[in-house]
Structures are given as C-alpha cells and as structure tokens.
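Right, one structure below, let's go through it.
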Amino acid sequence: MGAVIVNRRPWGSVDATRGLSDKIRMFAITVEGGFRAQHHVRFADGSTEEPHAHDWRVRVTLRRPRLDTVGMVADFDRVRDLLADALAPFEGADLNVHPLLHGLNPTAEVVAKRTFDRLIELGLSDLFRVEITEAPGCVAAYESAP
C-alpha cells in the first residue's frame, strides 16, 4: 500500500481573502456585554428628555483576513474581559455627567464611539464595530472604515 501524504498547514495560513469572487473575505467574532446607566438626551431645540435608565447591550465585532497561529481571530475570553473593563465605568452612572463622555450628548451613537475608542486603547487592534442597543429594536453603531 502506498504512503499517504498529508498537507499540514498552520492555522495562521487559513486565508479568508481567497474566495470564489473578487470580494474581500474576513473572519469575524462578536462578543456581547452590557451595563445599566441613565441619561437624558439633549435635542437640537435645547429641550431634553426626562432622565431615564436603560439596560444598554453592547456587541463588539473583531475582523481579520487571516486567523492567528492557533486558528482564531482573538481569544473570546480576552475580548470579553477587555469589554467588561471598557464598560465598567458606565455601570450605574449618569452618562450626562460621566467624565469618559467629555460633556458630549450621551446618545447611543456617542456611547458606541467612546466604547470603540476605549477598546482600541485597551489593545483590540482588530476591532471593527461596536453596536449599542439602547432599547429593543434601537441599535446604534460605530465602525472602522473598510
């Protein structure tokens, strides 16, 4: 019987960019977290909402064209821990006076951008998108350009 030849490649050589079309292909993972905080949005006419609280849900997506040497975009546990670190200062806070928002109007869009920035500061270099669900069916996002 002849020898069986096995072509073994490290996980890092798995390449999502090689697809059946000219579209760029990417691997992605998404991790979810959340916090409870209150805010009141200021509108363009100067009026404000009544202060109210939300259970803010946060989804972060990381993308890479190639997997790392162990076959992952990133370690889920590490991403979950960094997300928890980024969100911890918001827990139980009044976002209208929170120092991390620098006096900005605390809309879901602003919270998404600030969370994105904080995760980059914490080392998530492959971060692609942060989604904030303020209320069921109401999602704002901030993402890197393609």
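Residues are named by chain letter and number: chains run A, B, ... in the order of the structure tokens, numbers start at 1 in each chain, and ligands are numbered from 1 in the order shown.
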
Where does DSSP see strand (DSSP E) in chain A, if you list the residues as a PyMOL selection string? chain A and resi 27-39+52-64+127-135+138-143

If you measure from CA of Arg59 in chain A to CA of Val31 in chain A, what distance in Å do you get, rounded to one decimal?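 A separation of 5.7 Å between them.
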
When you look at range 119-124 of chain A with a cut-off of 10 Å (counting only C-alpha atoms), what residues show up, excluding the ones that are within fewer than 3 positions of it in the same chain? I need them as a PDB file with C-alpha atoms, in the first residue's frame.
```pdb
ATOM      1  CA  VAL A  60     -18.253  44.208  19.594  1.00  0.00           C
ATOM      2  CA  LEU A  62     -13.377  41.964  15.516  1.00  0.00           C
ATOM      3  CA  ALA A  74      -8.969  36.537  19.002  1.00  0.00           C
ATOM      4  CA  ARG A  78      -9.698  38.102  26.429  1.00  0.00           C
ATOM      5  CA  VAL A  79     -12.154  40.133  24.346  1.00  0.00           C
ATOM      6  CA  LEU A  82     -11.487  43.867  27.816  1.00  0.00           C
ATOM      7  CA  LEU A  83     -15.114  44.689  27.022  1.00  0.00           C
ATOM      8  CA  ALA A  84     -16.007  44.341  30.707  1.00  0.00           C
ATOM      9  CA  ASP A  85     -13.109  46.679  31.577  1.00  0.00           C
ATOM     10  CA  ALA A  86     -14.278  49.222  28.995  1.00  0.00           C
ATOM     11  CA  LEU A  87     -17.894  49.135  30.196  1.00  0.00           C
ATOM     12  CA  LYS A 113     -17.867  55.731  19.610  1.00  0.00           C
ATOM     13  CA  ARG A 114     -16.456  56.172  23.109  1.00  0.00           C
ATOM     14  CA  THR A 115     -16.624  52.411  23.738  1.00  0.00           C
ATOM     15  CA  PHE A 116     -14.845  51.787  20.419  1.00  0.00           C
ATOM     16  CA  LEU A 127     -11.822  45.898  16.371  1.00  0.00           C
ATOM     17  CA  PHE A 128     -14.245  46.529  13.521  1.00  0.00           C
ATOM     18  CA  VAL A 130     -19.295  48.426  18.301  1.00  0.00           C
TER      19      VAL A 130
END
```

For a test of reading the model, state the distance in Å between CA of Pro106 in chain A and CA of His40 in chain A, rounded to one decimal.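 These atoms are spaced 7.3 Å apart.
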
Out of A:Asn105, A:His98, A:Glu143, A:Gly46, which residue has the shortest atom-to-atom distance to Asp117 in chain A when counting only C-alpha atoms?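 For Asp117 in chain A, the nearest of the candidates is A:Glu143.
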
All helix (DSSP H, G or I) residues (DSSP, backbone) inside chain A, as number ranges by chain: A: 11-13, 76-90, 95-97, 99-101, 108-121

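Distances from A:Val111, A:Ala88, A:Ala141, A:Leu67 to Met26 in chain A were compared using only C-alpha atoms, and the smallest one belongs to A:Leu67.
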
Quote the spacing between CA of Leu101 in chain A and CA of Arg64 in chain A in Å to one decimal place.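 Between these atoms lies a distance of 28.9 Å.
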
Do you know which residues are at most 9 Å from His52 in chain A counting only C-alpha atoms, after dropping those on the same chain fewer than 5 positions away, and could you put them as a ChimeraX atom specification? /A:37-40

Quick one: residues within 10 Å of range 134-136 of chain A, only C-alpha atoms counted, chain neighbours fewer than 5 positions away excluded, as a PyMOL selection string? chain A and resi 36+53-58+107-109+111
